[in-house]
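Undergrad: One structure is given below, represented as structure tokens, and several questions about it will come after.
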Amino acid sequence: MAGIPESIKKQIANPQPDWQTFRAVITGQVKPKRVHLAELFADQEIMQWITKNVLQTRWTPASEDRQQMEAHYIDEINYWHRIGYDFIRVSGGLDFPTQVLLSNDTAELADKQRGWADLHSGPIQSWEDYEKYPWPEIKEENLWMYQFVADNVPDGMGVLACPQSGFLEIPLDILIGYESLAMMAYDEPDLIKAVFDRCRELIVGTYKKLLDIPQIVGCFQGDDMGFKTSTLMPPEFLKTHSLPGHKETAALAHDRDKVYFLHSCGNLEEIMDYLIDEVKIDAKHSYEDAIIPVEQMYDKYSSRIGLLGGLDVHILSGEDEAATRKRTRQIIEHCIPNGRLALGSGNTIANYCKPENVLAMFDEAYTWGQ
């Protein structure tokens, strides 16, 4: 990319966030007059690069220090606001200690190691482990960032909350491990139930505190439940153990006239009707062309729910700018005119995505209809 496109310059000079219109578009109440954007998150390195090179303002790294972290959140708000998003997603507040596998991060922009979940095992393998595990507590001091961001977002922006990874992910990735969970489901069903129940109580309990903050307009809960061809655990297992947490949280949000968005990777075809009709999600995020392109999901489900994202991360990371623009236009032309889709990456804007491709996606969004 020779330079910053004019559309991006205009956008960052005059951002106009409008959560209410975003919500109306995603829920099918109105058709869009512009392309709205949505992301689960962007890696810190990408936000830092765009902040310094496009917004040309400061970037404060995340830190354990409260004062520095407040400055970091101000910089994140500035990023999401000026780039053109109608909301900012805030996460954290529940810390589940676990064992993490570390490896060098080979992304060009990376400056630290990358962590991986140990899918073989986890800190809870027995009832004794369950009793000894340092379960987190719901504490106001651990949730300070939600009120801080709520107090500092510009007019028109909403805040979406997510206190931890999901009702399946925490037991599977953090506490038990995928292999152990699969065996324990048969060998120790009572222990499995206890772990899932405890996780649900903690996540739902945290949402009960957060959803009463006026600027928090809903939940954007992550919970990867699938892989390329199917769900990670059988549908009935999910309906028994993890989906009740989603259903309870969605009801909490809806009781307060707020939204419930779900991010989940993988092929969820076997449970999509359940997610829509029973859990009552308002929108679904995470799409991969190798599983099902977002256009096919749009044709099948956009009459019932909204869709978020869609541009495969493989395109953003592995293709050139021309291919990125072509694929972005295909998604926009197919899905945007009738509403119920907000454009973004198929998963997240990872630190291995090419910055020029990310800017090309933004440019195509800003120039739609011109």
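Residues are referred to by chain and number: the chain letter is A, B, ... according to the order shown in the structure tokens, the number counts from 1 in that chain, and ligands are numbered separately from 1 in the order shown.
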What's around Gln56 of chain A at 12 Å? Count only C-alpha atoms, leave out sequence neighbours fewer than 6 positions away in its own chain, and write the answer as a ChimeraX atom specification.

TA: /A:4,9,12-13,47-50,75,78-79,82

Undergrad: At most 12 Å is the cut-off: for each residue in segment 145-180 of chain A with any atom that close to an atom of segment 203-212 of chain A, write down the nearest atom pair and the distance in Å rounded to one decimal, counting only C-alpha atoms, chain first then increasing number, as CSV.

TA:
```
residue,atom,partner,partner_atom,distance
A:Met145,CA,A:Leu210,CA,10.6
A:Tyr146,CA,A:Leu210,CA,7.4
A:Gln147,CA,A:Leu210,CA,8.5
A:Phe148,CA,A:Leu210,CA,12.0
A:Ala150,CA,A:Leu210,CA,10.5
A:Val159,CA,A:Leu211,CA,10.2
A:Leu160,CA,A:Leu211,CA,9.4
A:Ala161,CA,A:Leu210,CA,7.5
A:Cys162,CA,A:Tyr207,CA,8.1
A:Pro163,CA,A:Ile203,CA,6.9
A:Gln164,CA,A:Ile203,CA,7.3
A:Ser165,CA,A:Ile203,CA,9.2
A:Gly166,CA,A:Ile203,CA,8.5
A:Phe167,CA,A:Ile203,CA,7.9
A:Leu168,CA,A:Ile203,CA,11.6
A:Ile170,CA,A:Ile203,CA,10.3
```

Undergrad: If you run DSSP over the backbone, which residues in segment 89-322 of chain A end up strand (DSSP E or B)? Put them as an MDAnalysis selection string.

TA: chainID A and resid 89:91 100:104 113:117 158:162 216:222 226 231 259:263 283:285 306:308 311

Undergrad: Go ahead and write the residues just picked, N, CA and C atoms, as a JSON list (two decimals), in the first residue's frame.

TA:
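Generated file (out_29.json):
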```json
[["chain", "number", "residue", "atom", "x", "y", "z"],
["A", 89, "ARG", "N", -14.88, -3.96, 22.99],
["A", 89, "ARG", "CA", -15.07, -5.15, 23.81],
["A", 89, "ARG", "C", -14.02, -5.16, 24.92],
["A", 90, "VAL", "N", -14.48, -5.33, 26.14],
["A", 90, "VAL", "CA", -13.60, -5.39, 27.31],
["A", 90, "VAL", "C", -13.69, -6.78, 27.90],
["A", 91, "SER", "N", -12.53, -7.36, 28.22],
["A", 91, "SER", "CA", -12.50, -8.72, 28.74],
["A", 91, "SER", "C", -11.64, -8.79, 30.00],
["A", 100, "VAL", "N", 0.44, -23.44, 31.00],
["A", 100, "VAL", "CA", 0.44, -22.97, 29.62],
["A", 100, "VAL", "C", 1.72, -23.44, 28.94],
["A", 101, "LEU", "N", 1.60, -23.88, 27.70],
["A", 101, "LEU", "CA", 2.76, -24.24, 26.89],
["A", 101, "LEU", "C", 3.21, -23.00, 26.13],
["A", 102, "LEU", "N", 4.50, -22.71, 26.17],
["A", 102, "LEU", "CA", 5.03, -21.50, 25.55],
["A", 102, "LEU", "C", 5.93, -21.85, 24.37],
["A", 103, "SER", "N", 5.90, -20.97, 23.36],
["A", 103, "SER", "CA", 6.75, -21.14, 22.19],
["A", 103, "SER", "C", 7.09, -19.76, 21.65],
["A", 104, "ASN", "N", 8.18, -19.67, 20.92],
["A", 104, "ASN", "CA", 8.53, -18.40, 20.30],
["A", 104, "ASN", "C", 7.46, -18.00, 19.30],
["A", 113, "GLN", "N", 6.59, -14.30, 23.64],
["A", 113, "GLN", "CA", 6.24, -15.68, 23.33],
["A", 113, "GLN", "C", 4.72, -15.83, 23.18],
["A", 114, "ARG", "N", 4.34, -16.90, 22.50],
["A", 114, "ARG", "CA", 2.93, -17.23, 22.33],
["A", 114, "ARG", "C", 2.58, -18.40, 23.24],
["A", 115, "GLY", "N", 1.44, -18.31, 23.91],
["A", 115, "GLY", "CA", 1.00, -19.37, 24.81],
["A", 115, "GLY", "C", 0.02, -20.32, 24.14],
["A", 116, "TRP", "N", 0.07, -21.57, 24.53],
["A", 116, "TRP", "CA", -0.81, -22.59, 23.96],
["A", 116, "TRP", "C", -1.46, -23.38, 25.10],
["A", 117, "ALA", "N", -2.70, -23.74, 24.93],
["A", 117, "ALA", "CA", -3.37, -24.58, 25.92],
["A", 117, "ALA", "C", -2.81, -25.99, 25.86],
["A", 158, "GLY", "N", -20.75, 1.83, 22.40],
["A", 158, "GLY", "CA", -21.15, 0.90, 23.42],
["A", 158, "GLY", "C", -19.96, 0.10, 23.92],
["A", 159, "VAL", "N", -20.15, -0.57, 25.05],
["A", 159, "VAL", "CA", -19.14, -1.46, 25.62],
["A", 159, "VAL", "C", -19.74, -2.86, 25.68],
["A", 160, "LEU", "N", -19.04, -3.84, 25.13],
["A", 160, "LEU", "CA", -19.43, -5.24, 25.22],
["A", 160, "LEU", "C", -18.49, -5.95, 26.18],
["A", 161, "ALA", "N", -19.04, -6.79, 27.04],
["A", 161, "ALA", "CA", -18.27, -7.40, 28.11],
["A", 161, "ALA", "C", -18.03, -8.88, 27.87],
["A", 162, "CYS", "N", -16.90, -9.37, 28.40],
["A", 162, "CYS", "CA", -16.58, -10.80, 28.39],
["A", 162, "CYS", "C", -15.57, -11.07, 29.50],
["A", 216, "ILE", "N", -22.50, -0.54, 29.30],
["A", 216, "ILE", "CA", -22.31, -1.91, 28.82],
["A", 216, "ILE", "C", -23.60, -2.35, 28.14],
["A", 217, "VAL", "N", -23.52, -2.48, 26.82],
["A", 217, "VAL", "CA", -24.71, -2.71, 26.01],
["A", 217, "VAL", "C", -24.97, -4.18, 25.72],
["A", 218, "GLY", "N", -24.11, -5.05, 26.24],
["A", 218, "GLY", "CA", -24.33, -6.46, 26.04],
["A", 218, "GLY", "C", -23.09, -7.29, 26.29],
["A", 219, "CYS", "N", -23.17, -8.55, 25.91],
["A", 219, "CYS", "CA", -22.09, -9.52, 26.08],
["A", 219, "CYS", "C", -21.56, -9.92, 24.71],
["A", 220, "PHE", "N", -20.26, -10.11, 24.63],
["A", 220, "PHE", "CA", -19.64, -10.69, 23.43],
["A", 220, "PHE", "C", -18.78, -11.84, 23.93],
["A", 221, "GLN", "N", -19.45, -12.96, 24.23],
["A", 221, "GLN", "CA", -18.82, -14.08, 24.90],
["A", 221, "GLN", "C", -18.11, -14.98, 23.91],
["A", 222, "GLY", "N", -16.85, -15.28, 24.19],
["A", 222, "GLY", "CA", -16.11, -16.24, 23.39],
["A", 222, "GLY", "C", -16.24, -17.64, 23.98],
["A", 226, "GLY", "N", -16.00, -25.86, 18.33],
["A", 226, "GLY", "CA", -15.93, -26.76, 17.19],
["A", 226, "GLY", "C", -14.57, -26.79, 16.54],
["A", 231, "THR", "N", -18.48, -30.40, 16.20],
["A", 231, "THR", "CA", -18.26, -29.80, 17.51],
["A", 231, "THR", "C", -17.17, -30.59, 18.25],
["A", 259, "VAL", "N", -27.71, -7.04, 24.33],
["A", 259, "VAL", "CA", -27.52, -8.09, 23.34],
["A", 259, "VAL", "C", -26.61, -9.18, 23.86],
["A", 260, "TYR", "N", -26.72, -10.34, 23.21],
["A", 260, "TYR", "CA", -25.81, -11.45, 23.50],
["A", 260, "TYR", "C", -25.20, -11.93, 22.19],
["A", 261, "PHE", "N", -23.92, -11.62, 22.01],
["A", 261, "PHE", "CA", -23.17, -12.06, 20.84],
["A", 261, "PHE", "C", -22.28, -13.24, 21.24],
["A", 262, "LEU", "N", -22.17, -14.21, 20.35],
["A", 262, "LEU", "CA", -21.36, -15.40, 20.60],
["A", 262, "LEU", "C", -20.24, -15.50, 19.57],
["A", 263, "HIS", "N", -19.01, -15.62, 20.06],
["A", 263, "HIS", "CA", -17.88, -16.01, 19.22],
["A", 263, "HIS", "C", -17.60, -17.48, 19.47],
["A", 283, "ALA", "N", -26.28, -12.67, 17.66],
["A", 283, "ALA", "CA", -25.37, -12.67, 16.52],
["A", 283, "ALA", "C", -24.28, -13.70, 16.77],
["A", 284, "LYS", "N", -23.74, -14.22, 15.68],
["A", 284, "LYS", "CA", -22.68, -15.23, 15.71],
["A", 284, "LYS", "C", -21.44, -14.69, 15.05],
["A", 285, "HIS", "N", -20.29, -14.97, 15.66],
["A", 285, "HIS", "CA", -18.99, -14.53, 15.14],
["A", 285, "HIS", "C", -18.07, -15.73, 14.97],
["A", 306, "GLY", "N", -27.90, -12.05, 13.55],
["A", 306, "GLY", "CA", -26.89, -11.26, 12.87],
["A", 306, "GLY", "C", -25.59, -12.05, 12.73],
["A", 307, "LEU", "N", -24.73, -11.59, 11.82],
["A", 307, "LEU", "CA", -23.43, -12.21, 11.61],
["A", 307, "LEU", "C", -22.36, -11.15, 11.77],
["A", 308, "LEU", "N", -21.24, -11.54, 12.38],
["A", 308, "LEU", "CA", -20.16, -10.61, 12.67],
["A", 308, "LEU", "C", -18.86, -11.13, 12.07],
["A", 311, "LEU", "N", -14.15, -12.14, 7.02],
["A", 311, "LEU", "CA", -12.98, -12.17, 6.14],
["A", 311, "LEU", "C", -11.94, -13.11, 6.74]]
```

Undergrad: Pick out the residues sitting within 7 Å of segment 189-198 of chain A, and hand them over as number ranges by chain; count only C-alpha atoms, and ignore anything fewer than 2 positions along from it in its own chain.

TA: A: 127, 171, 184-187, 200-202, 241-242

Undergrad: Store the residues picked out above in a file with C-alpha atoms, as an mmCIF file, in the first residue's frame.

TA:
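Result went into result_27.cif, see below:
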```cif
data_model
loop_
_atom_site.group_PDB
_atom_site.id
_atom_site.type_symbol
_atom_site.label_atom_id
_atom_site.label_comp_id
_atom_site.auth_asym_id
_atom_site.auth_seq_id
_atom_site.Cartn_x
_atom_site.Cartn_y
_atom_site.Cartn_z
ATOM 1 C CA TRP A 127 -11.843 -34.518 43.275
ATOM 2 C CA PRO A 171 -12.964 -26.656 31.612
ATOM 3 C CA MET A 184 -13.563 -38.017 32.448
ATOM 4 C CA ALA A 185 -16.967 -37.535 30.814
ATOM 5 C CA TYR A 186 -17.366 -41.317 31.144
ATOM 6 C CA ASP A 187 -15.172 -42.068 34.176
ATOM 7 C CA ARG A 200 -21.031 -21.255 35.127
ATOM 8 C CA GLU A 201 -21.706 -19.781 38.570
ATOM 9 C CA LEU A 202 -18.573 -17.626 38.358
ATOM 10 C CA HIS A 241 -22.881 -28.838 30.429
ATOM 11 C CA SER A 242 -21.848 -25.627 28.650
#
```

Undergrad: Determine which residues of segment 186-278 of chain A receive a DSSP assignment of helix (DSSP H, G or I), computed from the backbone, and state them as a PyMOL selection string.

TA: chain A and resi 186-187+189-210+235-241+243-255+269-278

Undergrad: Would you save the residues of that selection, restricted to N, CA and C atoms, as a compact mmCIF listing (two decimals), in the first residue's frame?

TA:
```
# COMPACT_ATOMS: atom_id res chain seq x y z
N TYR A 186 -16.86 -39.97 30.89
CA TYR A 186 -17.37 -41.32 31.14
C TYR A 186 -16.94 -41.84 32.52
N ASP A 187 -15.70 -41.51 32.93
CA ASP A 187 -15.17 -42.07 34.18
C ASP A 187 -15.59 -41.29 35.42
N PRO A 189 -18.33 -38.52 35.71
CA PRO A 189 -19.36 -37.56 35.29
C PRO A 189 -19.75 -36.58 36.38
N ASP A 190 -19.73 -37.00 37.64
CA ASP A 190 -20.09 -36.08 38.72
C ASP A 190 -19.04 -34.98 38.87
N LEU A 191 -17.78 -35.32 38.70
CA LEU A 191 -16.72 -34.31 38.76
C LEU A 191 -16.83 -33.33 37.59
N ILE A 192 -17.12 -33.87 36.41
CA ILE A 192 -17.33 -33.01 35.25
C ILE A 192 -18.46 -32.01 35.53
N LYS A 193 -19.56 -32.50 36.04
CA LYS A 193 -20.69 -31.62 36.34
C LYS A 193 -20.29 -30.55 37.35
N ALA A 194 -19.54 -30.92 38.37
CA ALA A 194 -19.14 -29.96 39.39
C ALA A 194 -18.26 -28.86 38.80
N VAL A 195 -17.34 -29.24 37.92
CA VAL A 195 -16.45 -28.24 37.31
C VAL A 195 -17.25 -27.28 36.43
N PHE A 196 -18.12 -27.81 35.59
CA PHE A 196 -18.91 -26.95 34.70
C PHE A 196 -19.86 -26.07 35.51
N ASP A 197 -20.47 -26.62 36.56
CA ASP A 197 -21.37 -25.82 37.38
C ASP A 197 -20.63 -24.68 38.06
N ARG A 198 -19.43 -24.95 38.57
CA ARG A 198 -18.65 -23.91 39.25
C ARG A 198 -18.26 -22.82 38.27
N CYS A 199 -17.84 -23.20 37.08
CA CYS A 199 -17.48 -22.20 36.07
C CYS A 199 -18.69 -21.35 35.68
N ARG A 200 -19.82 -21.99 35.50
CA ARG A 200 -21.03 -21.25 35.13
C ARG A 200 -21.42 -20.26 36.22
N GLU A 201 -21.36 -20.68 37.46
CA GLU A 201 -21.71 -19.78 38.57
C GLU A 201 -20.81 -18.55 38.58
N LEU A 202 -19.51 -18.74 38.32
CA LEU A 202 -18.57 -17.63 38.36
C LEU A 202 -18.78 -16.67 37.18
N ILE A 203 -18.95 -17.21 35.99
CA ILE A 203 -19.12 -16.34 34.82
C ILE A 203 -20.46 -15.60 34.89
N VAL A 204 -21.53 -16.33 35.17
CA VAL A 204 -22.85 -15.69 35.24
C VAL A 204 -22.87 -14.68 36.39
N GLY A 205 -22.27 -15.04 37.51
CA GLY A 205 -22.22 -14.11 38.63
C GLY A 205 -21.50 -12.82 38.30
N THR A 206 -20.46 -12.92 37.50
CA THR A 206 -19.74 -11.71 37.08
C THR A 206 -20.60 -10.86 36.16
N TYR A 207 -21.28 -11.50 35.23
CA TYR A 207 -22.17 -10.76 34.33
C TYR A 207 -23.28 -10.04 35.10
N LYS A 208 -23.75 -10.63 36.18
CA LYS A 208 -24.80 -9.98 36.97
C LYS A 208 -24.33 -8.64 37.50
N LYS A 209 -23.04 -8.51 37.78
CA LYS A 209 -22.49 -7.23 38.22
C LYS A 209 -22.27 -6.28 37.05
N LEU A 210 -21.78 -6.82 35.93
CA LEU A 210 -21.38 -5.97 34.82
C LEU A 210 -22.56 -5.41 34.03
N PRO A 235 -22.99 -32.88 20.70
CA PRO A 235 -24.00 -31.85 20.96
C PRO A 235 -24.74 -32.02 22.28
N GLU A 236 -25.09 -33.24 22.64
CA GLU A 236 -25.83 -33.45 23.89
C GLU A 236 -24.98 -33.10 25.11
N PHE A 237 -23.68 -33.34 25.02
CA PHE A 237 -22.79 -32.95 26.10
C PHE A 237 -22.80 -31.43 26.25
N LEU A 238 -22.71 -30.71 25.14
CA LEU A 238 -22.73 -29.25 25.19
C LEU A 238 -24.06 -28.74 25.74
N LYS A 239 -25.15 -29.34 25.31
CA LYS A 239 -26.48 -28.90 25.77
C LYS A 239 -26.66 -29.14 27.27
N THR A 240 -25.98 -30.15 27.78
CA THR A 240 -26.09 -30.47 29.20
C THR A 240 -25.15 -29.62 30.05
N HIS A 241 -23.92 -29.40 29.56
CA HIS A 241 -22.88 -28.84 30.43
C HIS A 241 -22.52 -27.38 30.16
N LEU A 243 -23.80 -25.13 27.28
CA LEU A 243 -24.79 -24.21 26.71
C LEU A 243 -25.76 -23.63 27.73
N PRO A 244 -26.06 -24.30 28.85
CA PRO A 244 -26.90 -23.64 29.85
C PRO A 244 -26.31 -22.33 30.37
N GLY A 245 -25.00 -22.22 30.44
CA GLY A 245 -24.38 -20.96 30.85
C GLY A 245 -24.62 -19.86 29.84
N HIS A 246 -24.51 -20.20 28.55
CA HIS A 246 -24.81 -19.22 27.51
C HIS A 246 -26.28 -18.80 27.58
N LYS A 247 -27.15 -19.77 27.77
CA LYS A 247 -28.58 -19.48 27.82
C LYS A 247 -28.92 -18.57 29.00
N GLU A 248 -28.34 -18.85 30.15
CA GLU A 248 -28.60 -18.03 31.33
C GLU A 248 -28.08 -16.61 31.15
N THR A 249 -26.89 -16.48 30.57
CA THR A 249 -26.32 -15.15 30.37
C THR A 249 -27.09 -14.37 29.31
N ALA A 250 -27.50 -15.04 28.24
CA ALA A 250 -28.30 -14.37 27.22
C ALA A 250 -29.60 -13.85 27.82
N ALA A 251 -30.21 -14.62 28.71
CA ALA A 251 -31.45 -14.18 29.35
C ALA A 251 -31.20 -12.96 30.24
N LEU A 252 -30.05 -12.96 30.95
CA LEU A 252 -29.69 -11.80 31.76
C LEU A 252 -29.60 -10.55 30.89
N ALA A 253 -28.92 -10.68 29.75
CA ALA A 253 -28.76 -9.54 28.84
C ALA A 253 -30.10 -9.08 28.30
N HIS A 254 -30.90 -10.01 27.84
CA HIS A 254 -32.18 -9.64 27.23
C HIS A 254 -33.14 -9.04 28.25
N ASP A 255 -33.07 -9.49 29.49
CA ASP A 255 -33.91 -8.91 30.53
C ASP A 255 -33.59 -7.43 30.75
N GLU A 269 -22.68 -26.56 12.99
CA GLU A 269 -23.94 -26.79 12.29
C GLU A 269 -24.91 -27.65 13.11
N GLU A 270 -24.37 -28.61 13.85
CA GLU A 270 -25.24 -29.51 14.62
C GLU A 270 -25.96 -28.81 15.76
N ILE A 271 -25.46 -27.64 16.19
CA ILE A 271 -26.10 -26.96 17.33
C ILE A 271 -26.59 -25.56 16.97
N MET A 272 -26.53 -25.18 15.71
CA MET A 272 -26.92 -23.81 15.35
C MET A 272 -28.39 -23.53 15.69
N ASP A 273 -29.28 -24.43 15.37
CA ASP A 273 -30.69 -24.20 15.70
C ASP A 273 -30.87 -24.05 17.21
N TYR A 274 -30.15 -24.84 17.98
CA TYR A 274 -30.24 -24.75 19.44
C TYR A 274 -29.72 -23.39 19.92
N LEU A 275 -28.60 -22.94 19.35
CA LEU A 275 -28.05 -21.63 19.74
C LEU A 275 -29.03 -20.51 19.44
N ILE A 276 -29.74 -20.63 18.33
CA ILE A 276 -30.67 -19.57 17.94
C ILE A 276 -31.99 -19.67 18.71
N ASP A 277 -32.56 -20.86 18.78
CA ASP A 277 -33.91 -21.01 19.33
C ASP A 277 -33.93 -21.17 20.85
N GLU A 278 -32.91 -21.79 21.43
CA GLU A 278 -32.89 -22.05 22.87
C GLU A 278 -31.99 -21.08 23.63
```

Undergrad: To one decimal place, how far is atom CA of Ile138 of chain A from atom CA of Arg256 of chain A in Å?

TA: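 These atoms are spaced 20.8 Å apart.
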
Undergrad: Just give me the gap between atom CA of Leu119 of chain A and atom CA of Ala182 of chain A in Å, one decimal is fine.

TA: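 Pair atom CA of Leu119 of chain A / atom CA of Ala182 of chain A returns 10.6 Å.
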
Undergrad: Kindly indicate which residue among A:Asp18, A:Thr27, A:Ala350, A:Arg325 lies nearest to Ile281 of chain A, using only C-alpha atoms for the distances.

TA: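 Smallest distance to Ile281 of chain A is found for A:Thr27.
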
Undergrad: With only C-alpha atoms as the basis for distance, which of A:Glu356, A:Glu39, A:Asp282, A:Asp173 is at the shortest distance from Pro123 of chain A?

TA: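 Checking each candidate against Pro123 of chain A, we get A:Asp173 as the closest.
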
Undergrad: Quick one: of A:Arg58, A:Lys228, A:Thr21, A:Val149, who's nearest to Ile77 of chain A, counting only C-alpha atoms?

TA: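 Closest to Ile77 of chain A of all the choices is A:Val149.
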
Undergrad: Write out as an mmCIF file with C-alpha atoms, in the first residue's frame which residues come within 7 Å of Val313 of chain A when counting only C-alpha atoms, dropping same-chain ones fewer than 4 positions away.

TA:
```
data_model
loop_
_atom_site.group_PDB
_atom_site.id
_atom_site.type_symbol
_atom_site.label_atom_id
_atom_site.label_comp_id
_atom_site.auth_asym_id
_atom_site.auth_seq_id
_atom_site.Cartn_x
_atom_site.Cartn_y
_atom_site.Cartn_z
ATOM 1 C CA SER A 317 -2.259 -12.986 6.746
ATOM 2 C CA SER A 345 -11.918 -10.647 10.245
ATOM 3 C CA GLY A 346 -13.189 -14.186 10.346
ATOM 4 C CA ASN A 347 -11.654 -14.615 13.781
#
```

Undergrad: Gly369 of chain A: which residues within 12 Å, counting only C-alpha atoms, same-chain residues fewer than 3 positions away excluded, as a list in words?

TA: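 Here the answer would be Pro32, Lys33, Arg34, Val35, Arg329, Ile332, Glu333, Ile336, Pro337, Glu364, Ala365 and Tyr366 of chain A.
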
Undergrad: When you count only C-alpha atoms, which of these residues is closest to His314 of chain A: A:Phe96, A:Tyr352, A:Trp19, A:Phe362?

TA: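 Ranked by minimum distance to His314 of chain A, first place goes to A:Tyr352.
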
Undergrad: So how far away is atom CA of Leu268 of chain A from atom CA of Asp223 of chain A, in Å?

TA: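 According to the coordinates, atom CA of Asp223 of chain A and atom CA of Leu268 of chain A are separated by 11.6 Å.
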